[in-house]
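**Student:** The structure follows.
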Amino acid sequence: MKVTSAEIVISAVKPEQYPNNNLPEFALAGRSNVGKSSFINKMVNRKNLARTSSKPGKTQTLNFFLINESLYFVDVPGYGFAKVSKKEREAWGKMIETYLTTREQLRAVVLIVDLRHAPTKDDVMMYEFLKHYEIPAVIIATKADKIPRGKWQKHVKVVRETLNVVEGDPVIIFSSETGQGKDEAWAVLQQLM
Ligand code: GDP
C-alpha cells in the first residue's frame, strides 16, 4: 500500500475517546523496546510519527494513527517492562483488555516479536490472550537485519513453536532498518480490512 498520509488523531485513555468513524483498526502490541515504534514508522514511511522509545513502557495511552484516511494503527503501550508498579500494570491491563475484547472495528492485532530470540513469557501470554478471545493475529518478527538471512527460517520456527501459532496467523520476517517484509505486511493487513 502506498501511504500518502499518516497522523496521530488521539491518545485515548477511555473508550469514549476512541474515534467513531468506523474505519478498520489494527492494534500494535509488543514488549517494550522490541521495535514497535520503528515498525509503525517504517510502515508509514515516517521517521518519527510513533516515537521510538528512550523511556520504554512510558506511554500508557492508546494512540490512534489515521492512515490514508482509511484505517487506523492503534499503538498499545508496551508490556513486560519490569519497572512499572503492580498498580500501573493492572491499569494497563484493564484498558487494553477493554479495547481488545470489545472493539468492533478491530480487525487484527499485530504482535511484534524479536526474530533473534524466542518469544518471552509476556509474548506468549499476549498471544494466548488473543487466541482465547479469537482475535486474529499477525506476528511480525522484527530486527531480521541483525541475523544472517540463512538463519531466518530456523528462527521463525522457534517463534512459531514458542507462541504455538495457530494456522492462519501469519509470521512475517521484518526489518525496520532494511524494509524487509514491509510489502508483505501491508498485503496481509489489506486482506484483513
Ligand atoms: P519500541 O519500544 O517497541 O517502540 O521500540 P523502538 O521502535 O523504539 O526500538 C527499540 C530499539 O531497537 C531502537 O534503538 C531501534 O532503533 C531498534 N530497532 C527497532 N527495530 C529495528 C530493526 O528492525 N533493526 C534494527 N537493527 N534495530 C531496530
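Following the order of the C-alpha cells, chains are lettered A, B, ..., residues in each are numbered from 1, and ligands are numbered from 1.
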Which of stretch 23-179 of chain A counts as strand (DSSP E or B) under DSSP, as a PyMOL selection string please?
**Tutor:** chain A and resi 25-31+62-67+71-75+79+106-114+137-142+171-173
**Student:** Write the residues you've just listed into a file as a tab-separated table (two decimals), in the first residue's frame, and include N, CA and C atoms for each of them.
**Tutor:**
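New file part24.tsv:
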chain	number	residue	atom	x	y	z
A	25	GLU	N	-9.42	-1.10	12.23
A	25	GLU	CA	-8.28	-0.81	13.11
A	25	GLU	C	-7.38	-2.03	13.28
A	26	PHE	N	-6.09	-1.76	13.36
A	26	PHE	CA	-5.10	-2.77	13.69
A	26	PHE	C	-4.36	-2.32	14.93
A	27	ALA	N	-4.42	-3.13	15.97
A	27	ALA	CA	-3.70	-2.79	17.20
A	27	ALA	C	-2.29	-3.34	17.11
A	28	LEU	N	-1.34	-2.57	17.58
A	28	LEU	CA	0.07	-2.98	17.57
A	28	LEU	C	0.51	-3.27	18.99
A	29	ALA	N	0.93	-4.50	19.23
A	29	ALA	CA	1.33	-4.87	20.58
A	29	ALA	C	2.72	-5.49	20.57
A	30	GLY	N	3.40	-5.32	21.67
A	30	GLY	CA	4.74	-5.92	21.79
A	30	GLY	C	5.37	-5.46	23.08
A	31	ARG	N	6.37	-6.24	23.52
A	31	ARG	CA	7.03	-5.80	24.76
A	31	ARG	C	7.85	-4.56	24.48
A	62	LEU	N	-3.73	4.69	24.50
A	62	LEU	CA	-3.88	4.06	23.19
A	62	LEU	C	-3.77	5.16	22.15
A	63	ASN	N	-2.75	5.07	21.32
A	63	ASN	CA	-2.53	6.12	20.32
A	63	ASN	C	-3.09	5.69	18.97
A	64	PHE	N	-4.03	6.46	18.48
A	64	PHE	CA	-4.68	6.15	17.19
A	64	PHE	C	-4.02	6.94	16.06
A	65	PHE	N	-3.47	6.21	15.10
A	65	PHE	CA	-2.85	6.84	13.92
A	65	PHE	C	-3.76	6.59	12.72
A	66	LEU	N	-4.21	7.66	12.12
A	66	LEU	CA	-5.06	7.55	10.93
A	66	LEU	C	-4.17	7.49	9.70
A	67	ILE	N	-4.38	6.47	8.87
A	67	ILE	CA	-3.53	6.27	7.70
A	67	ILE	C	-4.37	6.31	6.43
A	71	LEU	N	-7.74	3.71	7.45
A	71	LEU	CA	-7.57	2.74	8.53
A	71	LEU	C	-6.81	3.37	9.69
A	72	TYR	N	-6.87	2.70	10.84
A	72	TYR	CA	-6.09	3.16	11.99
A	72	TYR	C	-5.07	2.11	12.42
A	73	PHE	N	-3.89	2.57	12.78
A	73	PHE	CA	-2.98	1.79	13.60
A	73	PHE	C	-3.23	2.25	15.04
A	74	VAL	N	-3.41	1.31	15.93
A	74	VAL	CA	-3.63	1.69	17.33
A	74	VAL	C	-2.45	1.17	18.14
A	75	ASP	N	-1.64	2.09	18.56
A	75	ASP	CA	-0.42	1.74	19.30
A	75	ASP	C	-0.78	1.48	20.76
A	79	TYR	N	4.40	-3.92	26.79
A	79	TYR	CA	4.25	-4.67	28.04
A	79	TYR	C	5.58	-5.28	28.47
A	106	LEU	N	-11.85	-3.52	15.42
A	106	LEU	CA	-10.55	-4.20	15.46
A	106	LEU	C	-10.53	-5.39	14.51
A	107	ARG	N	-9.63	-5.35	13.53
A	107	ARG	CA	-9.53	-6.44	12.55
A	107	ARG	C	-8.51	-7.49	12.96
A	108	ALA	N	-7.42	-7.04	13.56
A	108	ALA	CA	-6.37	-7.97	13.98
A	108	ALA	C	-5.41	-7.25	14.91
A	109	VAL	N	-4.69	-8.04	15.68
A	109	VAL	CA	-3.60	-7.48	16.48
A	109	VAL	C	-2.29	-7.85	15.81
A	110	VAL	N	-1.48	-6.85	15.58
A	110	VAL	CA	-0.15	-7.06	15.04
A	110	VAL	C	0.78	-7.22	16.24
A	111	LEU	N	1.26	-8.44	16.44
A	111	LEU	CA	2.11	-8.72	17.59
A	111	LEU	C	3.57	-8.69	17.15
A	112	ILE	N	4.31	-7.76	17.71
A	112	ILE	CA	5.70	-7.60	17.31
A	112	ILE	C	6.61	-8.40	18.25
A	113	VAL	N	7.40	-9.29	17.68
A	113	VAL	CA	8.39	-10.02	18.47
A	113	VAL	C	9.77	-9.84	17.83
A	114	ASP	N	10.78	-10.24	18.55
A	114	ASP	CA	12.16	-10.10	18.09
A	114	ASP	C	12.59	-11.41	17.42
A	137	ALA	N	-4.40	-12.65	14.69
A	137	ALA	CA	-3.11	-12.04	14.97
A	137	ALA	C	-2.20	-12.13	13.75
A	138	VAL	N	-1.41	-11.09	13.57
A	138	VAL	CA	-0.36	-11.09	12.56
A	138	VAL	C	0.93	-10.91	13.35
A	139	ILE	N	1.83	-11.88	13.24
A	139	ILE	CA	3.06	-11.80	14.01
A	139	ILE	C	4.17	-11.21	13.15
A	140	ILE	N	4.75	-10.16	13.64
A	140	ILE	CA	5.87	-9.52	12.97
A	140	ILE	C	7.14	-9.87	13.74
A	141	ALA	N	8.03	-10.61	13.08
A	141	ALA	CA	9.31	-10.96	13.71
A	141	ALA	C	10.34	-9.97	13.19
A	142	THR	N	10.63	-8.98	14.02
A	142	THR	CA	11.43	-7.86	13.54
A	142	THR	C	12.92	-7.98	13.90
A	171	VAL	N	3.31	-15.32	10.17
A	171	VAL	CA	4.52	-14.81	10.83
A	171	VAL	C	5.35	-14.15	9.72
A	172	ILE	N	5.60	-12.87	9.85
A	172	ILE	CA	6.29	-12.13	8.80
A	172	ILE	C	7.66	-11.66	9.28
A	173	ILE	N	8.66	-12.02	8.52
A	173	ILE	CA	10.03	-11.59	8.83
A	173	ILE	C	10.17	-10.13	8.43
**Student:** Using only C-alpha atoms and all ligand atoms, what does the table of chain A residues within 7 Å of ligand 1 look like, with each row giving the shortest atom pair and its distance in Å to one decimal, sorted by chain and ascending number, as JSON lines?
**Tutor:**
{"residue": "A:Gly30", "atom": "CA", "partner": "ligand 1", "partner_atom_place_in_ligand_line": "3 (O)", "distance": 6.4}
{"residue": "A:Arg31", "atom": "CA", "partner": "ligand 1", "partner_atom_place_in_ligand_line": "3 (O)", "distance": 6.3}
{"residue": "A:Ser32", "atom": "CA", "partner": "ligand 1", "partner_atom_place_in_ligand_line": "2 (O)", "distance": 4.4}
{"residue": "A:Asn33", "atom": "CA", "partner": "ligand 1", "partner_atom_place_in_ligand_line": "2 (O)", "distance": 3.2}
{"residue": "A:Val34", "atom": "CA", "partner": "ligand 1", "partner_atom_place_in_ligand_line": "3 (O)", "distance": 4.0}
{"residue": "A:Gly35", "atom": "CA", "partner": "ligand 1", "partner_atom_place_in_ligand_line": "5 (O)", "distance": 3.3}
{"residue": "A:Lys36", "atom": "CA", "partner": "ligand 1", "partner_atom_place_in_ligand_line": "3 (O)", "distance": 3.7}
{"residue": "A:Ser37", "atom": "CA", "partner": "ligand 1", "partner_atom_place_in_ligand_line": "4 (O)", "distance": 3.6}
{"residue": "A:Ser38", "atom": "CA", "partner": "ligand 1", "partner_atom_place_in_ligand_line": "7 (O)", "distance": 3.7}
{"residue": "A:Phe39", "atom": "CA", "partner": "ligand 1", "partner_atom_place_in_ligand_line": "7 (O)", "distance": 6.4}
{"residue": "A:Arg51", "atom": "CA", "partner": "ligand 1", "partner_atom_place_in_ligand_line": "8 (O)", "distance": 6.8}
{"residue": "A:Thr52", "atom": "CA", "partner": "ligand 1", "partner_atom_place_in_ligand_line": "8 (O)", "distance": 3.3}
{"residue": "A:Ser53", "atom": "CA", "partner": "ligand 1", "partner_atom_place_in_ligand_line": "8 (O)", "distance": 3.9}
{"residue": "A:Ser54", "atom": "CA", "partner": "ligand 1", "partner_atom_place_in_ligand_line": "8 (O)", "distance": 6.9}
{"residue": "A:Pro56", "atom": "CA", "partner": "ligand 1", "partner_atom_place_in_ligand_line": "2 (O)", "distance": 5.4}
{"residue": "A:Gly78", "atom": "CA", "partner": "ligand 1", "partner_atom_place_in_ligand_line": "3 (O)", "distance": 6.5}
{"residue": "A:Thr142", "atom": "CA", "partner": "ligand 1", "partner_atom_place_in_ligand_line": "23 (O)", "distance": 5.1}
{"residue": "A:Lys143", "atom": "CA", "partner": "ligand 1", "partner_atom_place_in_ligand_line": "23 (O)", "distance": 3.5}
{"residue": "A:Ala144", "atom": "CA", "partner": "ligand 1", "partner_atom_place_in_ligand_line": "23 (O)", "distance": 6.2}
{"residue": "A:Asp145", "atom": "CA", "partner": "ligand 1", "partner_atom_place_in_ligand_line": "24 (N)", "distance": 5.7}
{"residue": "A:Lys146", "atom": "CA", "partner": "ligand 1", "partner_atom_place_in_ligand_line": "26 (N)", "distance": 5.6}
{"residue": "A:Phe174", "atom": "CA", "partner": "ligand 1", "partner_atom_place_in_ligand_line": "23 (O)", "distance": 6.5}
{"residue": "A:Ser175", "atom": "CA", "partner": "ligand 1", "partner_atom_place_in_ligand_line": "23 (O)", "distance": 3.6}
{"residue": "A:Ser176", "atom": "CA", "partner": "ligand 1", "partner_atom_place_in_ligand_line": "23 (O)", "distance": 3.6}
{"residue": "A:Glu177", "atom": "CA", "partner": "ligand 1", "partner_atom_place_in_ligand_line": "24 (N)", "distance": 4.8}
**Student:** Can you tell me, as a list in words, which residues in stretch 11-65 of chain A count as alpha helix (DSSP H) by DSSP?
**Tutor:**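 Answer for stretch 11-65 of chain A, restricted to alpha helix (DSSP H): Lys36, Ser37, Ser38, Phe39, Ile40, Asn41, Lys42 and Met43 of chain A.
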**Student:** Which one of A:Val159, A:Val3, A:Leu192, A:Met95 sits closest to A:Pro136 if you count only C-alpha atoms?
**Tutor:** A:Leu192
